[in-house]
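Next comes input.txt, with compact mmCIF, C-alpha atoms.
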```txt
# COMPACT_ATOMS: atom_id res chain seq x y z
CA MET A 813 -209.55 -256.22 -107.51
CA LYS A 814 -206.87 -253.59 -107.99
CA ARG A 815 -209.55 -251.03 -108.70
CA LEU A 816 -211.29 -251.94 -105.44
CA ALA A 817 -208.06 -251.62 -103.43
CA THR A 818 -207.33 -248.28 -105.02
CA ALA A 819 -210.81 -247.01 -104.21
CA LEU A 820 -210.49 -248.15 -100.60
CA SER A 821 -207.10 -246.46 -100.27
CA LEU A 822 -208.45 -243.20 -101.66
CA SER A 823 -211.43 -243.38 -99.29
CA ALA A 824 -209.12 -243.91 -96.29
CA ILE A 825 -206.91 -240.97 -97.29
CA LEU A 826 -209.92 -238.70 -97.74
CA ALA A 827 -211.40 -239.82 -94.41
CA THR A 828 -208.12 -239.18 -92.64
CA GLY A 829 -207.96 -235.68 -94.14
CA VAL A 830 -211.50 -234.92 -93.13
CA GLN A 831 -210.83 -236.19 -89.60
CA ALA A 832 -207.68 -234.07 -89.33
CA SER A 833 -209.51 -231.01 -90.59
CA SER A 834 -212.37 -231.65 -88.17
CA LEU A 835 -209.93 -232.15 -85.28
CA GLU A 836 -208.13 -228.90 -86.04
CA GLU A 837 -211.44 -227.05 -86.15
CA ARG A 838 -212.49 -228.55 -82.82
CA VAL A 839 -209.16 -227.65 -81.23
CA ALA A 840 -209.47 -224.08 -82.51
CA ALA A 841 -213.03 -223.86 -81.19
CA LEU A 842 -211.96 -225.17 -77.78
CA GLU A 843 -209.08 -222.69 -77.63
CA GLU A 844 -211.45 -219.83 -78.46
CA GLN A 845 -213.93 -221.04 -75.86
CA ASN A 846 -211.15 -221.29 -73.25
CA THR A 847 -210.04 -217.73 -73.99
CA VAL A 848 -213.59 -216.43 -73.57
CA LEU A 849 -214.05 -218.34 -70.30
CA THR A 850 -210.72 -217.08 -68.96
CA GLU A 851 -211.67 -213.48 -69.74
CA GLU A 852 -215.09 -213.94 -68.14
CA VAL A 853 -213.61 -215.44 -64.98
CA LEU A 854 -210.97 -212.69 -64.78
CA ALA A 855 -213.61 -210.00 -65.26
CA THR A 856 -215.76 -211.58 -62.57
CA GLN A 857 -212.89 -211.72 -60.12
CA THR A 858 -211.55 -208.22 -60.67
CA GLY A 859 -214.52 -206.18 -61.83
CA GLY A 860 -212.94 -206.03 -65.26
CA PHE A 861 -210.09 -203.93 -63.79
CA THR A 862 -212.44 -200.93 -64.03
CA LEU A 863 -215.37 -201.39 -61.69
CA VAL A 864 -215.27 -200.88 -57.95
CA ASP A 865 -218.05 -201.79 -55.53
CA THR A 866 -219.17 -198.45 -54.11
CA GLN A 867 -220.88 -200.22 -51.21
CA LYS A 868 -217.72 -201.87 -49.89
CA SER A 869 -215.25 -200.32 -47.47
CA TYR A 870 -212.30 -201.85 -45.67
CA SER A 871 -210.98 -200.47 -42.38
CA GLY A 872 -213.00 -197.27 -42.85
CA MET A 873 -211.41 -196.32 -46.19
CA GLY A 874 -213.12 -195.32 -49.42
CA PRO A 875 -214.31 -197.95 -51.92
CA ALA A 876 -211.50 -197.38 -54.43
CA ALA A 877 -208.82 -197.47 -51.72
CA SER A 878 -210.41 -200.69 -50.40
CA LYS A 879 -210.42 -202.42 -53.78
CA ILE A 880 -207.39 -204.67 -53.22
CA TYR A 881 -208.97 -206.26 -50.14
CA PHE A 882 -211.96 -207.55 -52.13
CA SER A 883 -210.14 -208.50 -55.34
CA LYS A 884 -209.55 -212.18 -56.11
CA ASN A 885 -206.71 -211.16 -58.39
CA PRO A 886 -203.40 -210.48 -56.57
CA LEU A 887 -202.91 -207.18 -58.44
CA SER A 888 -205.40 -204.34 -58.13
CA ILE A 889 -205.30 -200.95 -59.86
CA GLY A 890 -207.74 -198.18 -58.99
CA GLY A 891 -207.90 -194.49 -58.29
CA TYR A 892 -209.92 -191.30 -58.37
CA GLY A 893 -209.84 -187.84 -59.83
CA GLU A 894 -211.43 -184.44 -59.31
CA MET A 895 -211.35 -181.04 -60.97
CA PHE A 896 -213.40 -177.91 -60.47
CA TYR A 897 -214.26 -174.43 -61.66
CA ALA A 898 -214.74 -171.61 -59.14
CA ASN A 899 -216.18 -168.15 -59.57
CA PRO A 900 -215.67 -166.04 -56.40
CA ASP A 901 -217.39 -162.67 -56.19
CA ASN A 902 -214.23 -160.98 -54.91
CA GLY A 903 -211.67 -162.29 -57.41
CA ASP A 904 -211.04 -163.89 -60.78
CA ASP A 905 -212.64 -167.18 -61.73
CA PHE A 906 -210.37 -170.17 -62.26
CA ALA A 907 -210.32 -173.89 -63.03
CA ASP A 908 -208.04 -176.55 -61.57
CA VAL A 909 -207.20 -180.17 -62.31
CA TYR A 910 -207.13 -180.61 -58.58
CA ARG A 911 -206.18 -184.23 -58.06
CA PHE A 912 -205.55 -187.44 -59.93
CA ILE A 913 -204.88 -190.49 -57.79
CA THR A 914 -203.68 -194.00 -58.51
CA TYR A 915 -204.15 -196.87 -56.09
CA ILE A 916 -201.92 -199.87 -56.67
CA GLY A 917 -202.39 -202.89 -54.43
CA TYR A 918 -200.84 -206.34 -54.36
CA LYS A 919 -201.55 -209.46 -52.34
CA PHE A 920 -198.39 -211.42 -51.58
CA ASN A 921 -200.56 -214.12 -50.04
CA ASP A 922 -203.85 -214.36 -48.15
CA TRP A 923 -202.57 -212.38 -45.14
CA ILE A 924 -199.95 -209.89 -46.40
CA VAL A 925 -201.29 -207.00 -48.50
CA LEU A 926 -199.54 -203.99 -50.03
CA ASN A 927 -201.65 -200.87 -50.59
CA THR A 928 -200.45 -197.57 -52.06
CA GLU A 929 -201.82 -194.18 -53.04
CA ILE A 930 -199.90 -191.83 -55.34
CA GLU A 931 -201.32 -188.34 -55.84
CA PHE A 932 -200.76 -185.89 -58.68
CA GLU A 933 -201.91 -182.42 -57.56
CA HIS A 934 -202.81 -179.44 -59.78
CA GLY A 935 -201.81 -181.37 -62.88
CA ALA A 936 -198.41 -181.85 -61.18
CA ASP A 937 -197.42 -178.45 -62.64
CA ALA A 938 -194.73 -177.25 -60.25
CA GLY A 939 -195.21 -173.67 -61.40
CA ASN A 940 -198.84 -173.85 -60.28
CA GLY A 941 -198.16 -175.54 -56.94
CA GLY A 942 -198.36 -179.00 -58.46
CA LYS A 943 -196.59 -181.95 -56.93
CA VAL A 944 -196.49 -185.72 -56.78
CA VAL A 945 -197.08 -187.18 -53.31
CA VAL A 946 -197.08 -190.67 -51.84
CA GLU A 947 -200.15 -190.41 -49.60
CA PHE A 948 -199.90 -193.92 -48.25
CA LEU A 949 -197.67 -196.91 -48.77
CA TYR A 950 -198.00 -199.68 -46.24
CA LEU A 951 -198.08 -203.40 -45.61
CA ASP A 952 -201.10 -204.91 -43.89
CA PHE A 953 -200.63 -208.12 -41.93
CA LEU A 954 -204.13 -209.61 -41.69
CA LEU A 955 -203.94 -211.63 -38.50
CA SER A 956 -207.60 -211.84 -37.46
CA GLU A 957 -210.83 -209.87 -37.60
CA GLN A 958 -210.10 -208.49 -34.13
CA ALA A 959 -206.45 -207.47 -34.60
CA ASN A 960 -204.38 -206.62 -37.69
CA LEU A 961 -201.08 -204.80 -38.12
CA ARG A 962 -200.38 -201.94 -40.55
CA LEU A 963 -196.78 -200.75 -41.07
CA GLY A 964 -195.45 -198.01 -43.32
CA HIS A 965 -196.73 -194.64 -44.48
CA VAL A 966 -200.34 -194.51 -43.28
CA LEU A 967 -203.42 -192.29 -43.23
CA THR A 968 -204.01 -190.75 -39.82
CA PRO A 969 -207.35 -192.15 -38.57
CA MET A 970 -208.92 -188.80 -37.63
CA GLY A 971 -212.23 -187.23 -38.66
CA LEU A 972 -214.47 -188.23 -41.56
CA VAL A 973 -212.68 -187.09 -44.72
CA ASN A 974 -209.10 -188.17 -44.02
CA LEU A 975 -209.85 -191.88 -44.40
CA ARG A 976 -212.66 -191.40 -46.93
CA HIS A 977 -211.45 -188.57 -49.15
CA GLU A 978 -212.68 -189.84 -52.52
CA PRO A 979 -214.88 -187.21 -54.25
CA THR A 980 -218.01 -189.39 -54.39
CA LEU A 981 -218.07 -189.54 -50.57
CA PHE A 982 -218.60 -185.86 -49.67
CA ASN A 983 -221.20 -183.52 -51.15
CA THR A 984 -219.36 -180.23 -51.55
CA VAL A 985 -217.14 -179.49 -54.53
CA GLN A 986 -214.18 -179.17 -52.19
CA ARG A 987 -213.61 -180.83 -48.84
CA PRO A 988 -214.99 -179.02 -45.77
CA ASP A 989 -212.65 -176.24 -44.60
CA ILE A 990 -212.62 -177.68 -41.08
CA GLU A 991 -211.21 -180.96 -42.42
CA LYS A 992 -208.57 -178.98 -44.25
CA HIS A 993 -207.34 -176.54 -41.59
CA LEU A 994 -208.23 -178.14 -38.23
CA LEU A 995 -208.05 -181.81 -39.29
CA PRO A 996 -205.46 -181.39 -42.04
CA SER A 997 -206.71 -183.78 -44.71
CA THR A 998 -205.09 -185.49 -46.35
CA TRP A 999 -202.96 -186.21 -43.28
CA HIS A 1000 -200.48 -189.05 -43.72
CA GLU A 1001 -197.41 -189.97 -41.69
CA ASN A 1002 -194.95 -192.80 -41.12
CA GLY A 1003 -196.18 -195.12 -38.40
CA ALA A 1004 -197.54 -198.41 -37.13
CA LEU A 1005 -201.22 -199.11 -36.44
CA VAL A 1006 -203.22 -201.96 -34.95
CA TYR A 1007 -206.83 -202.16 -36.09
CA GLY A 1008 -209.78 -204.53 -36.02
CA ARG A 1009 -213.46 -205.07 -35.38
CA PHE A 1010 -215.47 -206.65 -32.58
CA ASP A 1011 -218.63 -207.87 -34.31
CA SER A 1012 -220.43 -208.74 -31.09
CA ALA A 1013 -220.21 -205.09 -30.00
CA ASP A 1014 -220.39 -203.52 -33.51
CA ILE A 1015 -217.17 -201.61 -32.77
CA ASP A 1016 -214.25 -200.82 -35.08
CA TYR A 1017 -211.02 -199.48 -33.63
CA THR A 1018 -207.56 -198.25 -34.66
CA ALA A 1019 -204.64 -197.39 -32.38
CA GLY A 1020 -200.95 -196.83 -32.88
CA VAL A 1021 -197.99 -194.53 -33.25
CA ILE A 1022 -197.31 -192.06 -36.07
CA ASN A 1023 -194.81 -189.28 -36.68
CA ALA A 1024 -195.81 -186.12 -34.80
CA LEU A 1025 -196.94 -182.82 -36.28
CA ASN A 1026 -194.31 -180.09 -36.26
CA LEU A 1027 -195.73 -176.87 -34.79
CA ASN A 1028 -192.32 -175.53 -33.79
CA SER A 1029 -192.03 -172.97 -36.58
CA GLN A 1030 -195.42 -171.23 -36.35
CA TYR A 1031 -193.86 -168.41 -34.32
CA THR A 1032 -191.97 -167.23 -37.43
CA ARG A 1033 -195.14 -166.71 -39.45
CA GLY A 1034 -197.01 -163.46 -39.77
CA ASP A 1035 -200.58 -162.93 -38.64
CA ASP A 1036 -201.92 -163.65 -42.15
CA THR A 1037 -200.79 -167.29 -41.99
CA GLN A 1038 -201.63 -168.10 -38.38
CA SER A 1039 -204.71 -169.99 -39.56
CA LYS A 1040 -202.48 -172.63 -41.18
CA TRP A 1041 -200.56 -173.58 -38.05
CA ILE A 1042 -202.00 -177.11 -37.93
CA ARG A 1043 -202.05 -177.84 -41.66
CA GLU A 1044 -198.47 -176.72 -42.19
CA GLY A 1045 -197.35 -178.91 -39.30
CA ARG A 1046 -197.77 -182.05 -41.41
CA LEU A 1047 -194.50 -183.72 -42.31
CA GLY A 1048 -195.72 -186.58 -44.49
CA ALA A 1049 -192.93 -188.46 -46.18
CA SER A 1050 -190.42 -185.61 -45.81
CA LYS A 1051 -186.86 -186.82 -45.42
CA ASP A 1052 -186.09 -183.68 -43.40
CA ALA A 1053 -188.23 -184.87 -40.51
CA SER A 1054 -186.98 -186.84 -37.57
CA PHE A 1055 -189.30 -189.44 -36.08
CA GLU A 1056 -191.06 -188.09 -33.00
CA PRO A 1057 -193.74 -190.59 -31.92
CA ALA A 1058 -197.30 -189.44 -31.34
CA PHE A 1059 -200.25 -191.57 -30.26
CA VAL A 1060 -203.41 -191.78 -32.34
CA GLY A 1061 -206.58 -193.74 -31.65
CA ARG A 1062 -210.08 -194.10 -33.03
CA VAL A 1063 -213.30 -195.94 -32.09
CA ASP A 1064 -216.47 -196.19 -34.20
CA TYR A 1065 -219.84 -197.75 -33.32
CA THR A 1066 -222.03 -199.09 -36.14
CA GLY A 1067 -224.67 -201.08 -34.26
CA ILE A 1068 -227.68 -199.05 -35.50
CA ASN A 1069 -228.58 -199.52 -39.15
CA GLY A 1070 -227.28 -196.61 -41.21
CA LEU A 1071 -225.58 -194.89 -38.27
CA MET A 1072 -221.89 -194.54 -37.52
CA VAL A 1073 -220.77 -192.57 -34.47
CA GLY A 1074 -217.26 -192.36 -33.05
CA ALA A 1075 -214.33 -190.36 -31.76
CA SER A 1076 -210.64 -189.92 -32.54
CA VAL A 1077 -207.74 -188.60 -30.48
CA TYR A 1078 -204.15 -187.54 -31.20
CA TYR A 1079 -201.44 -186.71 -28.65
CA GLY A 1080 -197.81 -185.92 -29.33
CA ASN A 1081 -194.83 -183.61 -29.07
CA GLY A 1082 -195.51 -180.24 -30.70
CA SER A 1083 -191.99 -179.94 -32.14
CA ASN A 1084 -190.48 -182.21 -34.74
CA VAL A 1085 -187.54 -180.67 -36.59
CA LYS A 1086 -184.44 -182.42 -37.88
CA ASP A 1087 -181.25 -180.33 -37.63
CA PRO A 1088 -182.94 -177.02 -36.76
CA LYS A 1089 -181.52 -173.81 -38.17
CA PRO A 1090 -179.60 -171.51 -35.77
CA ASP A 1091 -182.49 -169.06 -35.55
CA GLU A 1092 -185.03 -171.73 -34.65
CA ILE A 1093 -185.99 -172.35 -31.05
CA GLN A 1094 -184.00 -175.18 -29.52
CA ASP A 1095 -185.68 -175.73 -26.15
CA VAL A 1096 -189.19 -176.96 -26.84
CA SER A 1097 -189.48 -179.46 -24.01
CA GLY A 1098 -193.04 -179.60 -22.73
CA LEU A 1099 -194.52 -178.50 -26.06
CA THR A 1100 -197.37 -180.97 -26.63
CA THR A 1101 -200.33 -181.20 -29.00
CA THR A 1102 -203.71 -182.69 -28.10
CA MET A 1103 -206.33 -183.07 -30.82
CA PHE A 1104 -209.67 -184.84 -30.75
CA ASP A 1105 -212.85 -185.08 -32.77
CA ILE A 1106 -216.34 -186.49 -32.29
CA HIS A 1107 -217.90 -187.55 -35.59
CA ALA A 1108 -221.06 -189.18 -36.91
CA SER A 1109 -222.79 -190.10 -40.16
CA TYR A 1110 -226.27 -191.40 -40.94
CA ASP A 1111 -227.57 -192.82 -44.21
CA ASN A 1112 -231.20 -193.91 -44.48
CA GLY A 1113 -232.54 -194.18 -48.01
CA PRO A 1114 -232.80 -190.77 -49.67
CA PHE A 1115 -231.74 -188.91 -46.50
CA SER A 1116 -228.16 -188.70 -45.25
CA MET A 1117 -226.26 -186.58 -42.77
CA TYR A 1118 -222.71 -186.28 -41.49
CA GLY A 1119 -220.63 -183.95 -39.37
CA LEU A 1120 -218.14 -183.54 -36.55
CA TYR A 1121 -216.70 -181.34 -33.83
CA THR A 1122 -212.94 -181.02 -33.36
CA GLN A 1123 -210.54 -179.19 -31.04
CA THR A 1124 -206.75 -178.83 -30.89
CA ASN A 1125 -204.69 -177.50 -27.97
CA LEU A 1126 -200.97 -176.70 -27.96
CA ASP A 1127 -199.52 -176.73 -24.46
CA GLY A 1128 -196.32 -174.73 -24.02
CA ALA A 1129 -197.05 -172.41 -26.96
CA GLU A 1130 -195.50 -169.50 -25.04
CA LYS A 1131 -192.09 -171.02 -25.81
CA LEU A 1132 -192.66 -170.30 -29.49
CA SER A 1133 -193.73 -166.66 -29.44
CA GLY A 1134 -196.06 -164.16 -27.82
CA ASN A 1135 -198.70 -164.58 -30.53
CA ALA A 1136 -198.39 -168.35 -30.98
CA VAL A 1137 -201.70 -170.17 -31.31
CA GLU A 1138 -202.78 -172.28 -28.35
CA LYS A 1139 -206.22 -173.49 -29.42
CA ALA A 1140 -208.39 -174.13 -32.47
CA SER A 1141 -211.90 -175.59 -32.62
CA GLY A 1142 -214.92 -175.91 -34.85
CA TYR A 1143 -217.77 -178.03 -36.12
CA TYR A 1144 -219.75 -178.68 -39.27
CA VAL A 1145 -222.86 -180.57 -40.33
CA ASN A 1146 -223.99 -181.62 -43.81
CA ALA A 1147 -227.50 -182.86 -44.62
CA SER A 1148 -228.76 -184.07 -47.99
CA TYR A 1149 -231.87 -185.55 -49.60
CA ASP A 1150 -231.99 -187.49 -52.86
CA VAL A 1151 -234.78 -185.89 -54.91
CA SER A 1152 -234.42 -188.20 -57.94
CA SER A 1153 -237.71 -190.01 -57.23
CA LEU A 1154 -239.53 -186.68 -56.90
CA VAL A 1155 -238.42 -185.49 -60.34
CA GLY A 1156 -238.67 -188.85 -62.13
CA LEU A 1157 -234.96 -189.54 -62.56
CA ASN A 1158 -233.30 -192.95 -62.42
CA TYR A 1159 -230.05 -191.37 -61.23
CA LYS A 1160 -229.16 -190.14 -57.75
CA LEU A 1161 -229.67 -186.40 -57.34
CA PRO A 1162 -229.02 -185.36 -53.72
CA VAL A 1163 -229.48 -181.70 -52.80
CA PHE A 1164 -227.62 -180.58 -49.68
CA ALA A 1165 -226.89 -177.84 -47.20
CA GLN A 1166 -223.75 -177.57 -45.09
CA TYR A 1167 -222.93 -175.29 -42.16
CA GLN A 1168 -219.41 -174.72 -40.79
CA ASP A 1169 -218.41 -172.69 -37.73
CA PHE A 1170 -214.75 -172.70 -36.72
CA ASN A 1171 -211.80 -170.63 -35.56
CA PRO A 1172 -208.26 -171.89 -36.29
CA VAL A 1173 -206.89 -169.14 -34.02
CA GLU A 1174 -209.38 -169.35 -31.17
CA LYS A 1175 -206.78 -168.64 -28.49
CA THR A 1176 -203.26 -167.19 -28.63
CA VAL A 1177 -200.61 -166.65 -25.97
CA ASP A 1178 -201.11 -162.87 -25.84
CA GLY A 1179 -204.77 -162.81 -26.84
CA SER A 1180 -204.08 -161.20 -30.23
CA ASN A 1181 -205.93 -162.02 -33.48
CA GLU A 1182 -208.42 -164.29 -31.74
CA ASP A 1183 -211.35 -162.90 -33.75
CA THR A 1184 -209.46 -162.39 -37.00
CA PHE A 1185 -210.11 -165.89 -38.35
CA GLN A 1186 -213.55 -166.63 -36.87
CA THR A 1187 -215.34 -168.26 -39.81
CA GLU A 1188 -218.87 -169.24 -40.74
CA ILE A 1189 -219.69 -170.87 -44.07
CA VAL A 1190 -223.13 -171.83 -45.39
CA THR A 1191 -223.03 -173.95 -48.54
CA ILE A 1192 -225.96 -175.16 -50.63
CA GLY A 1193 -225.74 -177.33 -53.70
CA LEU A 1194 -226.51 -180.56 -55.48
CA ASN A 1195 -224.81 -183.68 -56.82
CA PHE A 1196 -225.71 -185.68 -59.92
CA PHE A 1197 -224.56 -189.29 -60.23
CA PRO A 1198 -224.83 -190.51 -63.86
CA ALA A 1199 -223.12 -193.64 -62.51
CA ASP A 1200 -222.30 -194.79 -58.98
CA GLN A 1201 -218.63 -194.06 -59.64
CA VAL A 1202 -219.08 -190.64 -61.27
CA VAL A 1203 -220.40 -187.40 -59.77
CA LEU A 1204 -221.03 -183.89 -61.07
CA LYS A 1205 -221.26 -181.23 -58.35
CA ALA A 1206 -222.39 -177.64 -58.05
CA ASP A 1207 -222.50 -175.50 -54.92
CA TYR A 1208 -222.72 -171.93 -53.69
CA ALA A 1209 -220.70 -171.07 -50.57
CA MET A 1210 -221.50 -168.00 -48.47
CA LYS A 1211 -218.49 -167.32 -46.26
CA GLU A 1212 -218.03 -164.82 -43.44
CA VAL A 1213 -214.60 -164.30 -41.85
CA ASN A 1214 -214.48 -161.74 -39.03
CA ASN A 1215 -217.63 -160.08 -40.38
CA VAL A 1216 -216.27 -159.88 -43.95
CA ASP A 1217 -218.47 -161.66 -46.52
CA SER A 1218 -217.48 -163.48 -49.68
CA ASN A 1219 -219.46 -165.82 -51.92
CA THR A 1220 -218.25 -168.45 -54.39
CA PHE A 1221 -220.02 -170.54 -57.00
CA SER A 1222 -218.23 -173.80 -57.86
CA PHE A 1223 -218.76 -176.62 -60.30
CA GLY A 1224 -216.81 -179.85 -60.09
CA LEU A 1225 -216.57 -183.39 -61.33
CA GLY A 1226 -215.19 -186.47 -59.63
CA PHE A 1227 -214.85 -190.18 -60.27
CA ILE A 1228 -213.47 -193.35 -58.72
CA PHE A 1229 -212.36 -196.55 -60.41
```
Rewrite the structure from the file as structure tokens, please.
Amino acid sequence: MKRLATALSLSAILATGVQASSLEERVAALEEQNTVLTEEVLATQTGGFTLVDTQKSYSGMGPAASKIYFSKNPLSIGGYGEMFYANPDNGDDFADVYRFITYIGYKFNDWIVLNTEIEFEHGADAGNGGKVVVEFLYLDFLLSEQANLRLGHVLTPMGLVNLRHEPTLFNTVQRPDIEKHLLPSTWHENGALVYGRFDSADIDYTAGVINALNLNSQYTRGDDTQSKWIREGRLGASKDASFEPAFVGRVDYTGINGLMVGASVYYGNGSNVKDPKPDEIQDVSGLTTTMFDIHASYDNGPFSMYGLYTQTNLDGAEKLSGNAVEKASGYYVNASYDVSSLVGLNYKLPVFAQYQDFNPVEKTVDGSNEDTFQTEIVTIGLNFFPADQVVLKADYAMKEVNNVDSNTFSFGLGFIF
């Protein structure tokens, strides 16, 4: 009897040990399974913190800048980068780590969103013109599809490139010259914007107030820098600028499949200087800037096309100097065709041609230098997309400024994430 009791006791102890061991193994297996499921769900919600949907855009911005609006995770990190090599026929060749950008976004709740863009230019090497810039930093208050409020440091809703300046979105190695000198991309100012969409009419709009360009100091520049009078008027996040309100508005129609056509307008005081120096002009009343553009893009399978016309007028320019610029205008068009199917590739391979015709000094107060900066540029090239988020570019630009020719071969790479 004692032997039987002992045997039963030993059996119970062994069974308990086996059950405990089995329970621990099951718990460990469940914990491992839970970890895997959590990672899978997180990756599904956020694109693994690396992927961005190249087909999605919010409020007209590029896919990487729009990432926070489509993320189910409250924190979103993205960005883009571009560098290039250039070989001009009238100078030394060079290479540049042109830009590296980080986008950091955060959703405080389902209707308040923070979005930011921080740019490192030229490797941020100050000796080579490098700098770190906050290109936008704003809060979006998502009130409805028809009307939302954006407050902070915002992108100016002008042209094609300023809102969509990620390198996978334009064909040339560098941005079009017109959207650098006449529409000074990247153009960002402190301000407040209302924006929305009317689905029934297929119309998107933006309207609001931003800090005005400062064109007050162009009279101090020599003839060789007159062409930069608009670009150098940007104030950005400068603490030396006062706030001089300017109106900006934009309307885009997207009712035809693949087509976007619209217009933008800017109107504001032409002078915006905080504590001007004694030698700067004080009386600039009546100095006003009017800028507008008409833009369009079309994307239909392998064929795509985009372009715009823009004009800027400075009323009261005679108060600045005798050779102050009163008017600038220009246009460009870019057409491309994806030849990947023709050459048996599974990757996009668009070849393109771009034509630019513009004059940043089309009219001056005294009529001087009006032909000096007349510019035509024909650019041909191709893009190769080994992935939707990565592009390799090559182009050859044939430039004529006041009947003086120069040609440049460029190779570049860009990516978004």
Restricting the calculation to all atoms listed in the file: of A:Asn1214, A:Asn1195, A:Asn974, A:Thr1122, which residue gets closest to Leu1161 in chain A? A:Asn1195
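Taking only C-alpha atoms into account, Ser1133 in chain A lies nearest to A:Gly1179 out of the set A:Pro1057, A:Pro1172, A:Gly1179, A:Gly971.
Picture a line from CA of Ile916 in chain A to CA of Lys879 in chain A; it runs 9.3 Å.
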Skip Ala936 in chain A itself and residues of its chain fewer than 4 positions away, then list as an MDAnalysis selection string all residues within 12 Å of it, counting only C-alpha atoms. chainID A and resid 908:913 930:932 940:945
How about saving the chosen residues, C-alpha atoms kept, as an mmCIF file, in the coordinates of the input?
```
data_model
loop_
_atom_site.group_PDB
_atom_site.id
_atom_site.type_symbol
_atom_site.label_atom_id
_atom_site.label_comp_id
_atom_site.auth_asym_id
_atom_site.auth_seq_id
_atom_site.Cartn_x
_atom_site.Cartn_y
_atom_site.Cartn_z
ATOM 1 C CA ASP A 908 -208.040 -176.550 -61.570
ATOM 2 C CA VAL A 909 -207.200 -180.170 -62.310
ATOM 3 C CA TYR A 910 -207.130 -180.610 -58.580
ATOM 4 C CA ARG A 911 -206.180 -184.230 -58.060
ATOM 5 C CA PHE A 912 -205.550 -187.440 -59.930
ATOM 6 C CA ILE A 913 -204.880 -190.490 -57.790
ATOM 7 C CA ILE A 930 -199.900 -191.830 -55.340
ATOM 8 C CA GLU A 931 -201.320 -188.340 -55.840
ATOM 9 C CA PHE A 932 -200.760 -185.890 -58.680
ATOM 10 C CA ASN A 940 -198.840 -173.850 -60.280
ATOM 11 C CA GLY A 941 -198.160 -175.540 -56.940
ATOM 12 C CA GLY A 942 -198.360 -179.000 -58.460
ATOM 13 C CA LYS A 943 -196.590 -181.950 -56.930
ATOM 14 C CA VAL A 944 -196.490 -185.720 -56.780
ATOM 15 C CA VAL A 945 -197.080 -187.180 -53.310
#
```
What residues have an atom no more than 10 Å from (-208.9, -213.9, -54.8) in the file's own frame, counting all atoms listed in the file, and can you write them as a PyMOL selection string? chain A and resi 857-858+880-887+919+921-922
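Computed from the coordinates, the CA of Pro900 in chain A to CA of Gly1045 in chain A distance equals 28.2 Å.
The neighbours of Ile990 in chain A here are the residues that come within 8 Å of it, using only C-alpha atoms and leaving out any residue fewer than 4 positions away in the same chain; they are A:Leu994, A:Leu995, A:Gly1142, A:Tyr1143, A:Tyr1144, A:Gln1168, A:Phe1170.
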Could you turn the residues from that selection into a file that holds C-alpha atoms, as an mmCIF file, keeping the file's coordinate frame?
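again.cif written:
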```
data_model
loop_
_atom_site.group_PDB
_atom_site.id
_atom_site.type_symbol
_atom_site.label_atom_id
_atom_site.label_comp_id
_atom_site.auth_asym_id
_atom_site.auth_seq_id
_atom_site.Cartn_x
_atom_site.Cartn_y
_atom_site.Cartn_z
ATOM 1 C CA LEU A 994 -208.230 -178.140 -38.230
ATOM 2 C CA LEU A 995 -208.050 -181.810 -39.290
ATOM 3 C CA GLY A 1142 -214.920 -175.910 -34.850
ATOM 4 C CA TYR A 1143 -217.770 -178.030 -36.120
ATOM 5 C CA TYR A 1144 -219.750 -178.680 -39.270
ATOM 6 C CA GLN A 1168 -219.410 -174.720 -40.790
ATOM 7 C CA PHE A 1170 -214.750 -172.700 -36.720
#
```
Would you mind reading off the distance between CA of Trp999 in chain A and CA of Ser1076 in chain A, one decimal, in Å? 13.7 Å
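Nearest to Asn1081 in chain A of all the residues A:Leu1132, A:Leu1027, A:Ala1140, A:Val1163 is A:Leu1027, counting only C-alpha atoms.
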Can you tell me, as a PyMOL selection string, what residues are no more than 9 Å from Leu1025 in chain A when counting all atoms listed in the file, ignoring any on the same chain fewer than 4 positions away? chain A and resi 1001+1042-1047+1056+1058+1080-1084+1101
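In terms of minimum interatomic distance to Asn1026 in chain A, A:Thr1100 ranks closest within A:Ser1012, A:Thr1100, A:Ser1141, A:Asn902, counting all atoms listed in the file.
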Using only C-alpha atoms, determine which residues lie at most 7 Å from Gly1226 in chain A, disregarding the query and same-chain residues fewer than 4 positions distant; provide the list as a ChimeraX atom specification. /A:893-895,979-980,1202-1204
Env of Gly1067 in chain A: 12 Å cut, atoms = only C-alpha atoms, seq-sep filter 3 positions within chain, self excluded. Answer as a PDB file with C-alpha atoms, keeping the file's coordinate frame.
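out30.pdb was written with the following content:
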```
ATOM      1  CA  ARG A1009    -213.460-205.070 -35.380  1.00  0.00           C
ATOM      2  CA  PHE A1010    -215.470-206.650 -32.580  1.00  0.00           C
ATOM      3  CA  ASP A1011    -218.630-207.870 -34.310  1.00  0.00           C
ATOM      4  CA  SER A1012    -220.430-208.740 -31.090  1.00  0.00           C
ATOM      5  CA  ALA A1013    -220.210-205.090 -30.000  1.00  0.00           C
ATOM      6  CA  ASP A1014    -220.390-203.520 -33.510  1.00  0.00           C
ATOM      7  CA  ILE A1015    -217.170-201.610 -32.770  1.00  0.00           C
ATOM      8  CA  ASP A1016    -214.250-200.820 -35.080  1.00  0.00           C
ATOM      9  CA  ASP A1064    -216.470-196.190 -34.200  1.00  0.00           C
ATOM     10  CA  GLY A1070    -227.280-196.610 -41.210  1.00  0.00           C
ATOM     11  CA  LEU A1071    -225.580-194.890 -38.270  1.00  0.00           C
ATOM     12  CA  MET A1072    -221.890-194.540 -37.520  1.00  0.00           C
ATOM     13  CA  VAL A1073    -220.770-192.570 -34.470  1.00  0.00           C
ATOM     14  CA  GLY A1074    -217.260-192.360 -33.050  1.00  0.00           C
ATOM     15  CA  TYR A1110    -226.270-191.400 -40.940  1.00  0.00           C
TER      16      TYR A1110
END
```
